[in-house]
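*Asks:* Supplied structure: work.cif, mmCIF, C-alpha atoms.
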```cif
data_coords
loop_
_atom_site.label_atom_id
_atom_site.label_comp_id
_atom_site.auth_asym_id
_atom_site.auth_seq_id
_atom_site.Cartn_x
_atom_site.Cartn_y
_atom_site.Cartn_z
CA MET A 1 -29.07 6.97 17.82
CA SER A 2 -27.33 5.25 14.93
CA THR A 3 -24.92 8.12 14.20
CA ASP A 4 -23.87 8.37 17.83
CA GLY A 5 -23.30 4.63 18.00
CA LYS A 6 -21.16 4.69 14.88
CA ASN A 7 -19.20 7.68 16.16
CA LYS A 8 -18.50 5.88 19.41
CA ILE A 9 -17.31 2.77 17.60
CA ARG A 10 -15.08 4.72 15.21
CA GLU A 11 -13.51 6.66 18.06
CA ALA A 12 -12.92 3.45 20.00
CA ALA A 13 -11.38 1.81 16.93
CA LEU A 14 -9.01 4.74 16.46
CA ARG A 15 -7.87 4.47 20.09
CA VAL A 16 -7.32 0.72 19.77
CA ILE A 17 -5.39 1.17 16.54
CA SER A 18 -3.12 3.84 17.95
CA GLU A 19 -2.31 1.61 20.95
CA GLN A 20 -2.22 -1.87 19.44
CA GLY A 21 -1.86 -1.32 15.73
CA ILE A 22 -4.32 -2.25 13.02
CA ALA A 23 -3.72 -6.01 13.39
CA GLY A 24 -4.68 -5.88 17.06
CA ALA A 25 -7.94 -4.07 16.37
CA THR A 26 -10.34 -7.01 16.28
CA MET A 27 -14.12 -6.54 16.40
CA ARG A 28 -14.17 -7.88 19.97
CA VAL A 29 -11.48 -5.49 21.20
CA ILE A 30 -13.11 -2.52 19.48
CA ALA A 31 -16.55 -3.41 20.92
CA LYS A 32 -15.07 -3.65 24.42
CA GLU A 33 -13.27 -0.32 24.06
CA ALA A 34 -16.49 1.30 22.77
CA GLY A 35 -18.48 -0.21 25.64
CA VAL A 36 -20.95 -1.95 23.33
CA SER A 37 -21.86 -5.60 22.98
CA THR A 38 -20.45 -7.73 20.17
CA GLY A 39 -24.01 -7.98 18.82
CA ALA A 40 -24.32 -4.21 18.76
CA ILE A 41 -21.03 -3.65 16.91
CA TYR A 42 -22.07 -6.08 14.17
CA HIS A 43 -25.36 -4.23 13.94
CA TYR A 44 -23.49 -1.06 13.02
CA TYR A 45 -20.61 -2.58 11.06
CA PRO A 46 -20.57 -6.05 9.43
CA ALA A 47 -16.74 -6.25 9.54
CA LYS A 48 -13.65 -4.57 10.92
CA GLU A 49 -12.70 -3.21 7.54
CA ASP A 50 -16.07 -1.47 7.34
CA ILE A 51 -15.11 0.46 10.46
CA LEU A 52 -11.64 1.32 9.16
CA TYR A 53 -13.02 2.40 5.81
CA ASP A 54 -15.67 4.54 7.51
CA ILE A 55 -13.02 6.24 9.67
CA MET A 56 -11.06 7.16 6.56
CA ASP A 57 -14.22 8.24 4.78
CA VAL A 58 -15.45 10.51 7.56
CA SER A 59 -12.01 12.04 8.09
CA LEU A 60 -11.81 13.01 4.44
CA LYS A 61 -15.30 14.51 4.27
CA ALA A 62 -13.99 18.07 4.67
CA SER A 63 -13.38 18.39 0.93
CA THR A 64 -17.11 17.85 0.35
CA GLN A 65 -17.92 20.87 2.48
CA VAL A 66 -15.42 23.00 0.58
CA ALA A 67 -16.92 21.82 -2.70
CA GLU A 68 -20.44 22.70 -1.46
CA ARG A 69 -19.27 26.15 -0.43
CA ALA A 70 -17.60 26.67 -3.82
CA LYS A 71 -20.76 25.57 -5.64
CA SER A 72 -22.94 27.91 -3.57
CA GLY A 73 -21.05 30.81 -5.11
CA GLU A 74 -20.98 32.60 -1.75
CA ALA A 75 -17.22 32.51 -1.40
CA SER A 76 -14.53 34.07 -3.58
CA ARG A 77 -11.79 32.01 -5.20
CA LEU A 78 -9.33 33.24 -2.59
CA GLU A 79 -11.64 32.18 0.22
CA ILE A 80 -12.02 28.73 -1.32
CA ALA A 81 -8.25 28.50 -1.79
CA ARG A 82 -7.90 29.40 1.90
CA ASP A 83 -10.39 26.65 2.84
CA VAL A 84 -8.45 24.06 0.83
CA TYR A 85 -5.20 25.23 2.42
CA GLU A 86 -6.65 24.93 5.94
CA ASN A 87 -8.01 21.53 4.99
CA LEU A 88 -4.54 20.26 4.15
CA ILE A 89 -3.16 21.56 7.45
CA GLU A 90 -5.94 19.64 9.26
CA ARG A 91 -5.32 16.60 7.10
CA PHE A 92 -1.66 16.40 8.11
CA LYS A 93 -2.75 16.36 11.76
CA LYS A 94 -4.91 13.27 11.24
CA VAL A 95 -1.95 10.90 11.46
CA GLN A 96 -3.94 7.81 12.52
CA GLU A 97 -6.52 8.31 9.77
CA ASN A 98 -3.79 8.86 7.20
CA ARG A 99 -1.98 5.70 8.30
CA LEU A 100 -5.28 3.91 7.96
CA GLN A 101 -5.70 5.16 4.40
CA PHE A 102 -2.32 3.75 3.39
CA TYR A 103 -2.97 0.53 5.32
CA LEU A 104 -6.26 0.02 3.47
CA ALA A 105 -4.71 1.01 0.13
CA HIS A 106 -1.93 -1.50 0.79
CA GLU A 107 -4.50 -4.25 1.51
CA ALA A 108 -6.35 -3.36 -1.67
CA ILE A 109 -3.14 -3.45 -3.72
CA LEU A 110 -2.22 -6.85 -2.23
CA GLY A 111 -5.46 -8.32 -3.54
CA ASN A 112 -8.46 -7.40 -1.38
CA GLU A 113 -10.84 -6.85 -4.29
CA GLN A 114 -13.79 -5.57 -2.27
CA LEU A 115 -11.57 -2.93 -0.72
CA GLN A 116 -10.10 -2.06 -4.09
CA LYS A 117 -13.59 -1.52 -5.50
CA ARG A 118 -14.43 0.76 -2.58
CA PHE A 119 -11.24 2.74 -3.16
CA GLN A 120 -12.09 3.12 -6.81
CA GLU A 121 -15.50 4.52 -5.89
CA LYS A 122 -13.96 6.74 -3.24
CA TYR A 123 -11.34 8.16 -5.61
CA ASP A 124 -14.09 8.77 -8.11
CA GLU A 125 -15.92 10.78 -5.46
CA TRP A 126 -12.83 12.66 -4.22
CA ILE A 127 -11.84 13.59 -7.76
CA SER A 128 -15.41 14.77 -8.40
CA ARG A 129 -15.21 17.06 -5.35
CA ILE A 130 -11.96 18.61 -6.58
CA GLU A 131 -13.48 18.93 -10.03
CA ASP A 132 -16.47 20.74 -8.47
CA ILE A 133 -14.08 23.19 -6.84
CA LEU A 134 -12.20 23.75 -10.11
CA LEU A 135 -15.46 24.36 -11.97
CA ALA A 136 -17.08 26.61 -9.39
CA ALA A 137 -14.23 28.58 -7.87
CA TYR A 138 -11.71 28.55 -10.72
CA GLU A 139 -14.18 28.64 -13.60
CA ALA A 140 -12.52 25.65 -15.25
CA ARG A 141 -14.26 24.10 -18.23
CA GLU A 142 -16.18 20.90 -17.63
CA GLY A 143 -14.72 17.85 -19.32
CA LYS A 144 -12.07 15.14 -19.33
CA ALA A 145 -9.18 17.59 -19.09
CA THR A 146 -10.38 19.28 -15.89
CA ARG A 147 -11.12 15.88 -14.38
CA ALA A 148 -7.61 14.64 -15.20
CA PHE A 149 -6.16 17.79 -13.65
CA ALA A 150 -8.28 17.15 -10.52
CA ALA A 151 -6.83 13.62 -10.35
CA TRP A 152 -3.28 15.05 -10.44
CA LEU A 153 -4.09 17.50 -7.66
CA LEU A 154 -5.43 14.67 -5.51
CA ALA A 155 -2.31 12.63 -6.34
CA ALA A 156 -0.08 15.47 -5.15
CA VAL A 157 -1.92 15.65 -1.82
CA ASP A 158 -1.81 11.85 -1.37
CA GLY A 159 1.90 11.83 -2.14
CA MET A 160 2.56 14.63 0.32
CA VAL A 161 0.57 12.81 3.02
CA LEU A 162 2.80 9.79 2.33
CA GLN A 163 5.97 11.90 2.71
CA ASP A 164 4.51 13.26 5.95
CA LEU A 165 3.75 9.75 7.29
CA LEU A 166 7.27 8.62 6.43
CA ASP A 167 8.49 11.75 8.21
CA VAL A 168 10.53 12.75 5.17
CA LYS A 169 12.26 15.98 6.07
CA ALA A 170 13.91 16.49 2.71
CA ALA A 171 12.17 19.82 2.15
CA ASP A 172 11.33 22.69 4.49
CA LYS A 173 7.81 22.15 5.88
CA GLU A 174 6.85 25.83 5.92
CA MET A 175 8.09 26.24 2.38
CA LEU A 176 6.04 23.22 1.28
CA MET A 177 2.94 25.02 2.52
CA GLN A 178 3.96 28.29 0.84
CA VAL A 179 4.35 26.45 -2.45
CA PHE A 180 0.92 24.85 -1.92
CA ASP A 181 -0.54 28.28 -1.24
CA ILE A 182 0.86 29.68 -4.50
CA LEU A 183 -0.48 26.64 -6.33
CA LEU A 184 -3.98 27.29 -4.95
CA THR A 185 -4.10 31.03 -5.46
CA GLU A 186 -2.28 31.45 -8.77
CA GLY A 187 -0.83 28.15 -9.94
CA ILE A 188 -4.17 26.54 -10.76
CA PRO A 189 -5.49 29.55 -12.75
CA CYS A 190 -2.18 29.70 -14.63
CA PHE A 191 -2.35 26.00 -15.44
CA LEU A 192 -5.99 26.18 -16.55
CA GLN A 193 -5.00 28.91 -19.00
CA LEU A 194 -2.22 26.73 -20.37
CA MET A 195 -4.71 23.90 -20.83
CA GLU A 196 -7.06 26.27 -22.64
CA LYS A 197 -4.22 27.46 -24.89
CA LYS A 198 -3.33 23.86 -25.70
CA GLY A 199 -6.93 23.25 -26.67
CA ILE A 200 -7.24 20.03 -24.69
CA PHE A 201 -10.69 20.98 -23.43
CA ALA A 202 -12.03 20.19 -26.88
CA ASP A 203 -11.11 16.49 -26.54
CA MET B 1 30.73 -10.87 -10.64
CA SER B 2 28.98 -9.15 -7.72
CA THR B 3 26.64 -7.06 -9.93
CA ASP B 4 25.55 -10.12 -11.90
CA GLY B 5 24.88 -12.03 -8.70
CA LYS B 6 22.79 -9.21 -7.30
CA ASN B 7 20.88 -8.86 -10.58
CA LYS B 8 20.11 -12.55 -10.57
CA ILE B 9 18.86 -12.42 -6.98
CA ARG B 10 16.71 -9.34 -7.58
CA GLU B 11 15.14 -10.88 -10.68
CA ALA B 12 14.45 -14.10 -8.80
CA ALA B 13 12.92 -12.15 -5.90
CA LEU B 14 10.61 -10.29 -8.29
CA ARG B 15 9.44 -13.58 -9.81
CA VAL B 16 8.81 -15.08 -6.37
CA ILE B 17 6.91 -11.97 -5.24
CA SER B 18 4.69 -11.89 -8.29
CA GLU B 19 3.80 -15.56 -7.78
CA GLN B 20 3.65 -15.89 -3.99
CA GLY B 21 3.35 -12.36 -2.71
CA ILE B 22 5.83 -10.50 -0.57
CA ALA B 23 5.14 -12.57 2.56
CA GLY B 24 6.04 -15.78 0.71
CA ALA B 25 9.35 -14.39 -0.51
CA THR B 26 11.70 -15.78 2.13
CA MET B 27 15.48 -15.73 1.72
CA ARG B 28 15.45 -19.49 1.21
CA VAL B 29 12.80 -19.39 -1.52
CA ILE B 30 14.53 -16.49 -3.30
CA ALA B 31 17.92 -18.27 -3.14
CA LYS B 32 16.40 -21.43 -4.62
CA GLU B 33 14.68 -19.47 -7.42
CA ALA B 34 17.94 -17.65 -8.18
CA GLY B 35 19.88 -20.94 -8.19
CA VAL B 36 22.33 -19.81 -5.53
CA SER B 37 23.17 -21.26 -2.14
CA THR B 38 21.75 -19.78 1.05
CA GLY B 39 25.30 -18.79 1.97
CA ALA B 40 25.71 -16.92 -1.31
CA ILE B 41 22.45 -14.97 -0.97
CA TYR B 42 23.48 -13.75 2.49
CA HIS B 43 26.81 -12.74 1.02
CA TYR B 44 25.02 -10.37 -1.35
CA TYR B 45 22.13 -9.30 0.88
CA PRO B 46 22.03 -9.53 4.70
CA ALA B 47 18.21 -9.62 4.79
CA LYS B 48 15.12 -9.98 2.61
CA GLU B 49 14.25 -6.32 3.00
CA ASP B 50 17.66 -5.39 1.62
CA ILE B 51 16.71 -7.21 -1.58
CA LEU B 52 13.28 -5.57 -1.76
CA TYR B 53 14.72 -2.15 -1.10
CA ASP B 54 17.40 -2.67 -3.74
CA ILE B 55 14.76 -3.69 -6.30
CA MET B 56 12.86 -0.48 -5.67
CA ASP B 57 16.06 1.54 -5.70
CA VAL B 58 17.32 0.14 -9.01
CA SER B 59 13.90 0.49 -10.67
CA LEU B 60 13.78 4.18 -9.77
CA LYS B 61 17.31 4.96 -10.97
CA ALA B 62 16.07 6.37 -14.27
CA SER B 63 15.52 9.82 -12.78
CA THR B 64 19.23 9.98 -11.97
CA GLN B 65 20.07 9.54 -15.63
CA VAL B 66 17.64 12.29 -16.64
CA ALA B 67 19.16 14.57 -14.01
CA GLU B 68 22.68 13.83 -15.32
CA ARG B 69 21.57 14.60 -18.85
CA ALA B 70 19.96 17.86 -17.71
CA LYS B 71 23.12 18.87 -15.83
CA SER B 72 25.33 18.11 -18.85
CA GLY B 73 23.51 20.90 -20.67
CA GLU B 74 23.44 18.82 -23.86
CA ALA B 75 19.66 18.55 -24.00
CA SER B 76 17.03 21.26 -24.36
CA ARG B 77 14.27 21.78 -21.83
CA LEU B 78 11.81 20.11 -24.18
CA GLU B 79 14.07 17.10 -24.57
CA ILE B 80 14.39 16.78 -20.80
CA ALA B 81 10.62 17.17 -20.42
CA ARG B 82 10.25 14.36 -22.98
CA ASP B 83 12.67 12.17 -20.98
CA VAL B 84 10.70 12.75 -17.77
CA TYR B 85 7.45 11.98 -19.60
CA GLU B 86 8.83 8.71 -21.01
CA ASN B 87 10.14 7.88 -17.54
CA LEU B 88 6.65 8.09 -16.09
CA ILE B 89 5.25 5.85 -18.82
CA GLU B 90 7.97 3.28 -17.97
CA ARG B 91 7.31 3.74 -14.27
CA PHE B 92 3.63 2.83 -14.64
CA LYS B 93 4.68 -0.42 -16.32
CA LYS B 94 6.78 -1.50 -13.34
CA VAL B 95 3.78 -2.76 -11.40
CA GLN B 96 5.69 -5.22 -9.18
CA GLU B 97 8.31 -2.63 -8.26
CA ASN B 98 5.62 -0.04 -7.54
CA ARG B 99 3.72 -2.47 -5.32
CA LEU B 100 6.99 -3.11 -3.55
CA GLN B 101 7.48 0.60 -2.94
CA PHE B 102 4.08 0.89 -1.26
CA TYR B 103 4.63 -2.36 0.64
CA LEU B 104 7.93 -1.08 2.03
CA ALA B 105 6.46 2.38 2.74
CA HIS B 106 3.62 0.66 4.58
CA GLU B 107 6.11 -1.36 6.68
CA ALA B 108 8.03 1.83 7.47
CA ILE B 109 4.83 3.66 8.48
CA LEU B 110 3.82 0.75 10.74
CA GLY B 111 7.04 1.10 12.70
CA ASN B 112 10.05 -0.41 10.91
CA GLU B 113 12.46 2.34 11.86
CA GLN B 114 15.41 1.13 9.82
CA LEU B 115 13.24 1.07 6.72
CA GLN B 116 11.84 4.49 7.53
CA LYS B 117 15.35 5.91 7.79
CA ARG B 118 16.20 4.41 4.40
CA PHE B 119 13.07 5.95 2.88
CA GLN B 120 13.97 9.32 4.32
CA GLU B 121 17.40 9.11 2.70
CA LYS B 122 15.87 7.87 -0.54
CA TYR B 123 13.31 10.69 -0.70
CA ASP B 124 16.11 13.11 0.00
CA GLU B 125 17.95 11.70 -2.99
CA TRP B 126 14.88 11.58 -5.28
CA ILE B 127 13.96 15.18 -4.43
CA SER B 128 17.56 16.22 -5.11
CA ARG B 129 17.39 14.64 -8.58
CA ILE B 130 14.17 16.54 -9.39
CA GLU B 131 15.75 19.69 -7.99
CA ASP B 132 18.76 19.12 -10.30
CA ILE B 133 16.40 18.92 -13.27
CA LEU B 134 14.58 22.09 -12.21
CA LEU B 135 17.87 23.96 -11.81
CA ALA B 136 19.51 22.73 -15.00
CA ALA B 137 16.67 22.41 -17.50
CA TYR B 138 14.19 24.96 -16.14
CA GLU B 139 16.71 27.47 -14.79
CA ALA B 140 15.01 27.52 -11.40
CA ARG B 141 16.74 29.34 -8.58
CA GLU B 142 18.60 27.24 -6.05
CA GLY B 143 17.09 27.30 -2.57
CA LYS B 144 14.39 26.06 -0.22
CA ALA B 145 11.54 27.08 -2.53
CA THR B 146 12.74 25.05 -5.52
CA ARG B 147 13.39 22.09 -3.26
CA ALA B 148 9.86 22.29 -1.84
CA PHE B 149 8.46 22.47 -5.35
CA ALA B 150 10.52 19.37 -6.27
CA ALA B 151 8.98 17.57 -3.26
CA TRP B 152 5.47 18.42 -4.53
CA LEU B 153 6.29 17.14 -8.01
CA LEU B 154 7.54 13.85 -6.54
CA ALA B 155 4.40 13.68 -4.40
CA ALA B 156 2.21 14.05 -7.49
CA VAL B 157 4.00 11.17 -9.22
CA ASP B 158 3.81 8.95 -6.09
CA GLY B 159 0.11 9.71 -5.75
CA MET B 160 -0.52 8.92 -9.40
CA VAL B 161 1.38 5.62 -9.09
CA LEU B 162 -0.89 4.82 -6.13
CA GLN B 163 -4.02 5.57 -8.21
CA ASP B 164 -2.57 3.35 -10.93
CA LEU B 165 -1.91 0.47 -8.49
CA LEU B 166 -5.45 0.79 -7.13
CA ASP B 167 -6.62 0.74 -10.75
CA VAL B 168 -8.59 3.94 -10.21
CA LYS B 169 -10.25 4.76 -13.49
CA ALA B 170 -11.83 7.99 -12.34
CA ALA B 171 -10.01 10.03 -14.97
CA ASP B 172 -9.16 9.32 -18.58
CA LYS B 173 -5.68 7.77 -18.74
CA GLU B 174 -4.62 9.46 -21.96
CA MET B 175 -5.81 12.80 -20.65
CA LEU B 176 -3.81 12.25 -17.44
CA MET B 177 -0.70 11.98 -19.59
CA GLN B 178 -1.63 15.04 -21.65
CA VAL B 179 -2.02 17.06 -18.46
CA PHE B 180 1.37 15.75 -17.27
CA ASP B 181 2.89 16.76 -20.59
CA ILE B 182 1.57 20.33 -20.27
CA LEU B 183 2.87 20.43 -16.70
CA LEU B 184 6.35 19.45 -17.88
CA THR B 185 6.58 21.69 -20.92
CA GLU B 186 4.80 24.84 -19.72
CA GLY B 187 3.28 24.32 -16.28
CA ILE B 188 6.62 24.19 -14.44
CA PRO B 189 8.03 27.35 -16.11
CA CYS B 190 4.74 29.15 -15.36
CA PHE B 191 4.85 28.07 -11.74
CA LEU B 192 8.50 29.04 -11.31
CA GLN B 193 7.61 32.52 -12.55
CA LEU B 194 4.80 32.77 -10.00
CA MET B 195 7.24 31.74 -7.27
CA GLU B 196 9.66 34.41 -8.46
CA LYS B 197 6.89 37.03 -8.44
CA LYS B 198 5.91 36.03 -4.90
CA GLY B 199 9.50 36.53 -3.84
CA ILE B 200 9.74 33.22 -1.98
CA PHE B 201 13.18 32.48 -3.38
CA ALA B 202 14.55 35.10 -1.02
CA ASP B 203 13.54 33.06 2.05
#
```
Would you encode the structure as structure tokens?

*Replies:*
Amino acid sequence: MSTDGKNKIREAALRVISEQGIAGATMRVIAKEAGVSTGAIYHYYPAKEDILYDIMDVSLKASTQVAERAKSGEASRLEIARDVYENLIERFKKVQENRLQFYLAHEAILGNEQLQKRFQEKYDEWISRIEDILLAAYEAREGKATRAFAAWLLAAVDGMVLQDLLDVKAADKEMLMQVFDILLTEGIPCFLQLMEKKGIFAD
Amino acid sequence: MSTDGKNKIREAALRVISEQGIAGATMRVIAKEAGVSTGAIYHYYPAKEDILYDIMDVSLKASTQVAERAKSGEASRLEIARDVYENLIERFKKVQENRLQFYLAHEAILGNEQLQKRFQEKYDEWISRIEDILLAAYEAREGKATRAFAAWLLAAVDGMVLQDLLDVKAADKEMLMQVFDILLTEGIPCFLQLMEKKGIFAD
């Protein structure tokens, strides 16, 4: 039951982190909390950072499902926009996972090269998922321009998660979501048209 | 010469950080590098974090100048868009300052309440500057909706700075800037019209 074991360890790690912080979450403490032996935890995860990374990875899997749904062609653009909107609401609730993302990003920026490489691969994947959604649900044109636009959309979400973690209350929360909703339903189509008009898809 | 003294200390701190990392940048080491006494450094800055925060603050002052220029009414929308574009190019070059921003944000997220409060005030100020630009150069309507939109624009820039620090190469760099350019020149006006149509300015 490898998946169950991993689930148990990730859930235990999240509990330890929320109580003792990331520094206090050693392999030994996580194993104890999960009720597994130290040998067993190393069987599932070679290092603590592998657990943390996996927690972040699993928590951000929702966008893959939305991308699959968009590619299946079974949902309308508005339904996909609704899915993405709901996804962001859920994302904001995952405070521990979001903190973890910025903790890991911070470690990568400070010089953890292995972690940086993983982030690069992960961003590549996340941007691909958003690109899939743009291509399937918004009928964007495939190419460098759509991919760059996908990267900006991901950046906006990351930046808003950061504002949320810092508890910035500079703007009205409900209004932030209304603006996001307009972006998803009409802003993206409008912007794709502008890109078409500018002819940057030809590049 | 208080400003000169502070400049000297900030520059010294940046040098120390780029060589020894943020952890190695103690008040004593920074004072030595700046060629001032320990007494003098405490006269200018009560604590190390005050220096770091000030470095970030000063490096992100450029948006204030753009906002002032927009408010003066002496520059066209395209000129202001050009200024914002150039600002982002300059921002990407300030790698040490950007790392510092994410280091401080990380500290705030992990529980440094004083730092968190400062970030909240700073975001409030940054969002106000973007709002000023939207009102003056893009003739947006004053209110919660424009402010929320300003917060999203700041989020997009923060998120892109994060991708840059992580050296994510998932999207073509030149194309990222072309997309940003279209956003500034035509994307924002298009989006403001959509907001108007949706009637969210009335809220």

*Asks:* Choose the residue, out of B:Tyr138, B:Gln20, B:Leu100, B:Glu11, that has the smallest atom-to-atom separation from B:Cys190; count only C-alpha atoms.

*Replies:*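 Among the listed residues, B:Tyr138 lies closest to B:Cys190.
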
*Asks:* With the PyMOL selection byres ((chain B) within 8 of (chain A)) as the selection, what would be picked from this file? Answer as number ranges by chain, please.

*Replies:* B: 21, 99, 102-103, 105-106, 108-110, 116, 119-120, 123-124, 127, 144-145, 147-149, 151-160, 162-163, 165-173, 175-176, 179, 182-183, 186-187, 190-191, 194-195

*Asks:* If you measure from atom CA of B:Arg15 to atom CA of A:Arg118, what distance in Å do you get, rounded to one decimal?

*Replies:*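 Atom-to-atom, atom CA of B:Arg15 to atom CA of A:Arg118, that is 28.8 Å.
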
*Asks:* Counting all atoms listed in the file, figure out which residue out of A:Gly73, A:Ile55, A:Phe92, A:Asp181 gets nearest to A:Leu135.

*Replies:*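 Using all atoms listed in the file, A:Leu135 sits closest to A:Gly73.
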
*Asks:* Can you work out which one of B:Ala137, B:Arg91, B:Leu78, B:Pro189 has the shortest atom-to-atom distance to B:Val58, counting all atoms listed in the file?

*Replies:* B:Arg91

*Asks:* Give as a PyMOL selection string the set of residues within 9 Å of the point (20.6, -14.1, -3.6), where distances use the file's coordinates and only C-alpha atoms.

*Replies:* chain B and resi 5-10+12-13+27-28+30-45+51

*Asks:* Write a file of the just-selected residues containing C-alpha atoms, as a PDB file, in the coordinates of the input.

*Replies:*
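That gives us part-v9.pdb:
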```
ATOM      1  CA  GLY B   5      24.880 -12.030  -8.700  1.00  0.00           C
ATOM      2  CA  LYS B   6      22.790  -9.210  -7.300  1.00  0.00           C
ATOM      3  CA  ASN B   7      20.880  -8.860 -10.580  1.00  0.00           C
ATOM      4  CA  LYS B   8      20.110 -12.550 -10.570  1.00  0.00           C
ATOM      5  CA  ILE B   9      18.860 -12.420  -6.980  1.00  0.00           C
ATOM      6  CA  ARG B  10      16.710  -9.340  -7.580  1.00  0.00           C
ATOM      7  CA  ALA B  12      14.450 -14.100  -8.800  1.00  0.00           C
ATOM      8  CA  ALA B  13      12.920 -12.150  -5.900  1.00  0.00           C
ATOM      9  CA  MET B  27      15.480 -15.730   1.720  1.00  0.00           C
ATOM     10  CA  ARG B  28      15.450 -19.490   1.210  1.00  0.00           C
ATOM     11  CA  ILE B  30      14.530 -16.490  -3.300  1.00  0.00           C
ATOM     12  CA  ALA B  31      17.920 -18.270  -3.140  1.00  0.00           C
ATOM     13  CA  LYS B  32      16.400 -21.430  -4.620  1.00  0.00           C
ATOM     14  CA  GLU B  33      14.680 -19.470  -7.420  1.00  0.00           C
ATOM     15  CA  ALA B  34      17.940 -17.650  -8.180  1.00  0.00           C
ATOM     16  CA  GLY B  35      19.880 -20.940  -8.190  1.00  0.00           C
ATOM     17  CA  VAL B  36      22.330 -19.810  -5.530  1.00  0.00           C
ATOM     18  CA  SER B  37      23.170 -21.260  -2.140  1.00  0.00           C
ATOM     19  CA  THR B  38      21.750 -19.780   1.050  1.00  0.00           C
ATOM     20  CA  GLY B  39      25.300 -18.790   1.970  1.00  0.00           C
ATOM     21  CA  ALA B  40      25.710 -16.920  -1.310  1.00  0.00           C
ATOM     22  CA  ILE B  41      22.450 -14.970  -0.970  1.00  0.00           C
ATOM     23  CA  TYR B  42      23.480 -13.750   2.490  1.00  0.00           C
ATOM     24  CA  HIS B  43      26.810 -12.740   1.020  1.00  0.00           C
ATOM     25  CA  TYR B  44      25.020 -10.370  -1.350  1.00  0.00           C
ATOM     26  CA  TYR B  45      22.130  -9.300   0.880  1.00  0.00           C
ATOM     27  CA  ILE B  51      16.710  -7.210  -1.580  1.00  0.00           C
TER      28      ILE B  51
END
```

*Asks:* I need the output of the PyMOL selection byres ((chain B and resi 70) around 9) for this file as a list in words; which residues are they?

*Replies:*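 Listing what the PyMOL selection byres ((chain B and resi 70) around 9) selects in the shown file: Gln65, Val66, Ala67, Glu68, Arg69, Lys71, Ser72, Gly73, Glu74, Ala75, Ser76, Arg77, Ile80, Asp132, Ile133, Leu134, Leu135, Ala136 and Ala137 of chain B.
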